[in-house]
$ cat upload_4.tsv   # TSV, C-alpha atoms
chain	number	residue	atom	x	y	z
A	24	MET	CA	61.27	29.09	113.55
A	25	ILE	CA	64.15	28.07	115.81
A	26	ARG	CA	66.64	28.72	113.00
A	27	VAL	CA	65.25	32.23	112.47
A	28	ARG	CA	65.58	32.95	116.19
A	29	HIS	CA	69.16	31.70	116.21
A	30	LEU	CA	69.95	33.87	113.19
A	31	LEU	CA	68.54	36.95	114.93
A	32	ILE	CA	70.59	36.24	118.03
A	33	LEU	CA	73.71	35.85	115.90
A	34	LEU	CA	73.10	39.16	114.10
A	35	LEU	CA	72.54	40.98	117.40
A	36	ALA	CA	75.75	39.49	118.78
A	37	VAL	CA	77.71	40.66	115.71
A	38	ALA	CA	76.21	44.14	115.99
A	39	ALA	CA	77.06	44.30	119.70
A	40	THR	CA	80.62	43.19	118.98
A	41	GLY	CA	80.96	45.88	116.29
A	42	SER	CA	79.67	48.56	118.68
A	43	ALA	CA	82.06	47.42	121.40
A	44	HIS	CA	85.04	47.77	119.05
A	45	GLY	CA	83.85	51.19	117.91
A	46	GLN	CA	82.89	52.85	114.66
A	47	TRP	CA	84.62	55.38	112.48
A	48	LEU	CA	84.22	59.02	113.48
A	49	THR	CA	84.93	61.16	110.42
A	50	GLY	CA	85.10	64.90	110.48
A	51	TYR	CA	86.84	68.19	109.71
A	52	LEU	CA	88.76	70.46	112.05
A	53	ARG	CA	88.25	74.15	111.26
A	54	ASP	CA	89.09	77.60	112.56
A	55	SER	CA	86.01	79.10	114.23
A	56	ALA	CA	86.90	82.65	113.10
A	57	THR	CA	87.70	81.99	109.44
A	58	HIS	CA	86.23	78.49	108.87
A	59	PHE	CA	89.54	77.61	107.21
A	60	PRO	CA	90.76	74.02	107.70
A	61	ILE	CA	93.28	73.38	110.47
A	62	ARG	CA	96.02	71.06	109.29
A	63	ALA	CA	98.20	68.93	111.59
A	64	GLY	CA	95.64	69.22	114.39
A	65	THR	CA	95.44	66.37	116.89
A	66	ILE	CA	92.32	64.28	117.46
A	67	THR	CA	92.52	62.03	120.54
A	68	ASN	CA	90.05	59.43	121.76
A	69	SER	CA	90.74	59.42	125.51
A	70	THR	CA	88.80	56.19	126.00
A	71	ASN	CA	90.82	53.92	123.68
A	72	ASN	CA	93.96	56.14	123.58
A	73	LEU	CA	93.89	56.43	119.78
A	74	ARG	CA	95.30	59.58	118.22
A	75	VAL	CA	95.29	60.89	114.65
A	76	ARG	CA	96.31	64.08	112.86
A	77	THR	CA	94.27	66.14	110.41
A	78	ASP	CA	95.43	66.42	106.81
A	79	ALA	CA	95.79	69.58	104.71
A	80	SER	CA	92.00	69.88	104.37
A	81	GLY	CA	91.45	69.40	108.11
A	82	LEU	CA	90.06	65.90	107.59
A	83	PHE	CA	90.37	63.23	110.29
A	84	ARG	CA	89.09	59.69	110.86
A	85	ILE	CA	89.28	57.88	114.18
A	86	LYS	CA	87.72	54.84	115.84
A	87	ALA	CA	85.13	55.68	118.49
A	88	ALA	CA	82.35	53.92	120.39
A	89	PRO	CA	79.24	55.55	121.89
A	90	ASN	CA	80.06	57.80	124.86
A	91	ASP	CA	83.79	57.93	124.04
A	92	LEU	CA	85.32	61.32	124.91
A	93	VAL	CA	87.20	62.85	121.97
A	94	PHE	CA	89.59	65.81	122.23
A	95	ALA	CA	90.54	68.14	119.37
A	96	ALA	CA	93.63	70.36	119.69
A	97	ALA	CA	96.03	72.41	117.56
A	98	PRO	CA	98.83	74.90	118.28
A	99	SER	CA	97.55	78.47	118.88
A	100	TYR	CA	93.97	77.20	119.35
A	101	ARG	CA	91.82	76.41	122.34
A	102	HIS	CA	91.03	72.71	122.56
A	103	ALA	CA	87.52	71.29	122.18
A	104	THR	CA	85.87	68.11	123.43
A	105	LEU	CA	82.94	66.07	122.21
A	106	ARG	CA	81.29	62.85	123.34
A	107	TYR	CA	80.72	60.47	120.47
A	108	SER	CA	77.18	59.35	119.73
A	109	THR	CA	75.65	57.17	117.04
A	110	LEU	CA	73.29	60.08	116.40
A	111	PHE	CA	76.17	62.03	114.82
A	112	SER	CA	75.90	62.72	111.12
A	113	ASP	CA	78.19	60.91	108.71
A	114	THR	CA	80.71	63.77	108.90
A	115	VAL	CA	81.10	66.17	111.81
A	116	VAL	CA	82.76	69.60	111.80
A	117	VAL	CA	84.73	70.62	114.89
A	118	TYR	CA	85.56	74.32	115.28
A	119	LEU	CA	88.49	75.52	117.38
A	120	ALA	CA	88.67	79.09	118.65
A	121	PRO	CA	92.03	80.81	118.05
A	122	THR	CA	94.01	82.08	120.99
A	123	GLY	CA	95.59	85.51	121.03
A	124	ALA	CA	98.80	84.05	119.62
A	125	VAL	CA	97.36	84.03	116.07
A	126	LEU	CA	96.21	87.66	116.17
A	127	PRO	CA	98.55	90.37	114.80
A	128	THR	CA	98.10	92.82	117.68
A	129	VAL	CA	99.35	90.54	120.44
A	130	THR	CA	102.68	91.51	122.00
A	131	VAL	CA	104.74	88.61	123.28
A	132	THR	CA	107.20	90.78	125.21
A	133	ALA	CA	107.34	94.46	126.05
A	134	GLN	CA	109.63	95.13	123.09
A	135	TYR	CA	108.90	92.63	120.34
A	136	THR	CA	105.83	91.21	118.65
A	137	LYS	CA	105.50	87.51	117.85
A	138	TYR	CA	106.24	88.28	114.19
A	139	GLN	CA	109.49	90.03	115.12
A	140	LEU	CA	110.57	87.18	117.37
A	141	ASP	CA	109.78	84.65	114.63
A	142	SER	CA	111.66	86.79	112.12
A	143	MET	CA	114.75	86.92	114.32
A	144	GLU	CA	114.63	83.15	114.72
A	145	ARG	CA	114.30	82.66	110.93
A	146	LYS	CA	117.25	85.02	110.40
A	147	ARG	CA	119.39	83.13	112.93
A	148	THR	CA	118.55	79.77	111.32
A	149	PHE	CA	119.29	81.13	107.84
A	150	GLU	CA	122.68	82.47	108.92
A	151	GLU	CA	123.58	79.13	110.53
A	152	ASN	CA	122.59	77.17	107.44
A	153	ARG	CA	124.34	79.57	105.10
A	154	GLY	CA	127.64	79.39	106.94
A	155	ARG	CA	130.61	81.63	106.24
A	156	VAL	CA	130.30	84.04	103.32
A	157	LEU	CA	132.78	83.14	100.57
A	158	PRO	CA	135.23	85.96	99.79
A	159	ALA	CA	135.48	87.27	96.24
A	160	ILE	CA	138.59	86.23	94.24
A	161	ALA	CA	140.75	89.35	93.96
A	162	SER	CA	143.41	87.98	91.64
A	163	ARG	CA	144.51	84.91	89.80
A	164	PRO	CA	147.81	83.11	90.21
A	165	ALA	CA	150.17	83.41	87.29
A	166	SER	CA	150.44	79.67	86.84
A	167	GLY	CA	148.06	76.72	87.07
A	168	PHE	CA	145.56	78.06	84.49
A	169	GLY	CA	143.41	74.92	84.38
A	170	LEU	CA	143.16	74.77	88.15
A	171	THR	CA	142.20	78.46	88.30
A	172	VAL	CA	139.38	77.96	85.80
A	173	ASN	CA	138.00	75.04	87.80
A	174	LEU	CA	138.17	77.06	91.02
A	175	ASP	CA	136.43	79.99	89.34
A	176	ARG	CA	133.60	77.70	88.25
A	177	PHE	CA	133.34	76.24	91.74
A	178	PHE	CA	133.20	79.63	93.45
A	179	LYS	CA	130.77	80.97	90.84
A	180	LYS	CA	128.35	78.07	91.48
A	181	LYS	CA	128.68	78.60	95.23
A	182	TYR	CA	128.00	82.33	94.81
A	183	GLN	CA	124.96	81.70	92.59
A	184	HIS	CA	123.63	79.18	95.12
A	185	LYS	CA	124.13	81.73	97.92
A	186	GLN	CA	122.28	84.41	95.93
A	187	ARG	CA	119.36	82.05	95.24
A	188	ASN	CA	119.10	81.15	98.92
A	189	GLU	CA	119.12	84.80	99.90
A	190	ARG	CA	116.35	85.59	97.39
A	191	MET	CA	114.28	82.71	98.76
A	192	TYR	CA	114.88	83.93	102.31
A	193	ARG	CA	113.80	87.48	101.43
A	194	GLY	CA	110.70	86.11	99.70
A	195	ARG	CA	109.75	84.06	102.77
A	196	GLU	CA	110.30	87.04	105.04
A	197	GLU	CA	108.14	89.29	102.86
A	198	GLN	CA	105.34	86.70	102.79
A	199	ALA	CA	105.56	86.28	106.56
A	200	TYR	CA	105.19	90.04	107.00
A	201	VAL	CA	102.14	90.12	104.70
A	202	ASP	CA	100.58	87.18	106.57
A	203	TYR	CA	101.22	88.97	109.85
A	204	ARG	CA	99.77	92.35	108.85
A	205	PHE	CA	96.90	90.97	106.74
A	206	SER	CA	96.03	87.66	108.36
A	207	PRO	CA	92.78	85.74	107.69
A	208	HIS	CA	91.80	86.26	111.34
A	209	LEU	CA	92.18	90.01	111.07
A	210	VAL	CA	90.19	90.15	107.82
A	211	ALA	CA	87.49	87.83	109.15
A	212	TYR	CA	87.16	89.88	112.34
A	213	TYR	CA	86.66	93.21	110.56
A	214	THR	CA	84.71	92.04	107.50
A	215	GLY	CA	82.62	89.20	108.93
A	216	LEU	CA	83.58	87.02	105.96
A	217	LYS	CA	84.24	83.32	106.46
A	218	GLY	CA	85.05	80.21	104.47
A	219	GLU	CA	85.10	80.51	100.69
A	220	ALA	CA	83.99	84.16	100.74
A	221	LEU	CA	86.93	85.04	102.98
A	222	ARG	CA	89.31	83.05	100.80
A	223	ASP	CA	88.02	84.77	97.67
A	224	PHE	CA	88.34	88.22	99.27
A	225	MET	CA	91.93	87.59	100.30
A	226	LEU	CA	92.89	86.26	96.88
A	227	ARG	CA	91.52	89.43	95.32
A	228	TYR	CA	92.62	92.08	97.80
A	229	THR	CA	95.64	91.01	99.83
A	230	PRO	CA	97.99	94.03	99.58
A	231	THR	CA	101.59	93.73	98.49
A	232	TYR	CA	104.56	93.69	100.81
A	233	GLN	CA	105.63	97.10	99.47
A	234	TRP	CA	102.20	98.65	100.18
A	235	LEU	CA	102.18	97.33	103.74
A	236	ARG	CA	105.67	98.65	104.39
A	237	GLN	CA	104.58	102.06	103.11
A	238	HIS	CA	101.50	101.95	105.38
A	239	PRO	CA	102.82	100.64	108.72
A	240	THR	CA	99.83	101.53	110.91
A	241	ASN	CA	96.80	99.37	111.71
A	242	GLU	CA	94.56	102.32	110.86
A	243	ALA	CA	95.80	102.29	107.28
A	244	VAL	CA	94.93	98.59	106.98
A	245	MET	CA	91.46	99.24	108.47
A	246	TYR	CA	90.74	101.96	105.90
A	247	TYR	CA	92.02	99.68	103.15
A	248	LEU	CA	89.76	96.87	104.34
A	249	ASN	CA	86.75	99.16	104.49
A	250	ASP	CA	87.27	100.35	100.90
A	251	LYS	CA	87.92	96.87	99.52
A	252	LEU	CA	84.92	95.39	101.34
A	253	LYS	CA	82.62	97.92	99.65
A	254	GLU	CA	84.19	97.04	96.31
A	255	TYR	CA	83.86	93.32	96.99
A	256	ARG	CA	80.17	93.60	97.84
A	257	LYS	CA	79.54	95.36	94.54
A	258	VAL	CA	81.40	92.60	92.72
A	259	ARG	CA	79.34	89.93	94.51
A	260	ARG	CA	76.06	91.68	93.72
A	261	GLY	CA	77.02	91.93	90.06
A	262	ALA	CA	78.11	88.29	89.86

$ encode --input "upload_4.tsv" --output "structure tokens"
Amino acid sequence: MIRVRHLLILLLAVAATGSAHGQWLTGYLRDSATHFPIRAGTITNSTNNLRVRTDASGLFRIKAAPNDLVFAAAPSYRHATLRYSTLFSDTVVVYLAPTGAVLPTVTVTAQYTKYQLDSMERKRTFEENRGRVLPAIASRPASGFGLTVNLDRFFKKKYQHKQRNERMYRGREEQAYVDYRFSPHLVAYYTGLKGEALRDFMLRYTPTYQWLRQHPTNEAVMYYLNDKLKEYRKVRRGA
């Protein structure tokens, strides 16, 4: 009987020690408007000063003891707090509300939108990385044939590399413009779609860069969204 009592005391002591050191809090960080995962968000336990970042799927795992205060934060989002409890489910979902900085209608200055400012910064960085534009070879020297051929090959490779970089830059700029004009937050706000339904809608109906350039007003995008949402609902009903 004494041995059983000692064993119970030992088990309680081990359990208390485990609780004191904390347990694993596992969860996902998601956008409250779209329910999309938030990657590279920061989860901080203010009690034990531990900090982790979310992965591409918004997943995080951090040590926490009962009553520890945990903060969740990410750029362009309002932070959230929660107090850890053993009553939590195995996996929690923390939603962060976006600030105005992620919405396409916000003006950062009186003259430029956030997209335009970001675009100017990308252009400046591209020009710095590209360096001086190589001049075209107007003529060849009469002598030194082998050297000329080698120089031609060198300049041709440099020119091809420059062209490839410029194509990649234009592609990134076009995608940034599409993301700005047809963002998940905009679509979620006007359609009410979230999560996988929102992702599916955007995969099906995100307009091209050319279409958006030809329709520069927000009204045109609203009409487009209205038509495509009707079409999408018919597709879903028929699925």

$ residues_around --input "upload_4.tsv" --residues "Thr231 of chain A" --least-positions-apart "2" --cutoff "12 Å" --atoms "all atoms listed in the file" --output "number ranges by chain"
A: 194, 197-202, 204-205, 225-229, 233-238, 244

$ atom_distance --input "upload_4.tsv" --atom1 "atom CA of Gly64 of chain A" --atom2 "atom CA of Ala96 of chain A"
5.8 Å

$ atom_distance --input "upload_4.tsv" --atom1 "atom CA of Ala103 of chain A" --atom2 "atom CA of Asn72 of chain A"
16.5 Å

$ atom_distance --input "upload_4.tsv" --atom1 "atom CA of Ile61 of chain A" --atom2 "atom CA of Phe94 of chain A"
14.5 Å

$ residues_near_point --input "upload_4.tsv" --point "(88.2, 90.1, 102.5)" --cutoff "8 Å" --atoms "all atoms listed in the file" --output "PyMOL selection string"
chain A and resi 210-211+214+216+220-225+227-229+248+251-252+255

$ closest_residue --input "upload_4.tsv" --among "A:Lys179, A:Arg195, A:Lys86, A:His184" --to "Tyr107 of chain A" --atoms "only C-alpha atoms"
A:Lys86

$ closest_residue --input "upload_4.tsv" --among "A:Leu82, A:Tyr247, A:Gln183, A:Leu52" --to "Thr104 of chain A" --atoms "all atoms listed in the file"
A:Leu52

$ closest_residue --input "upload_4.tsv" --among "A:Thr49, A:Thr122, A:Gln186, A:Asn68" --to "Arg101 of chain A" --atoms "only C-alpha atoms"
A:Thr122

$ closest_residue --input "upload_4.tsv" --among "A:His208, A:Trp47, A:Asp113, A:Arg190" --to "Ala88 of chain A" --atoms "all atoms listed in the file"
A:Trp47

$ closest_residue --input "upload_4.tsv" --among "A:Arg187, A:Lys253, A:Arg84, A:His58" --to "Val115 of chain A" --atoms "all atoms listed in the file"
A:Arg84

$ residues_around --input "upload_4.tsv" --residues "Leu48 of chain A" --least-positions-apart "5" --cutoff "12 Å" --atoms "all atoms listed in the file" --output "PyMOL selection string"
chain A and resi 66-68+73+75+82-89+91-93+105-117

$ closest_residue --input "upload_4.tsv" --among "A:Glu254, A:Pro207, A:Met191, A:Gln46" --to "Pro60 of chain A" --atoms "only C-alpha atoms"
A:Pro207
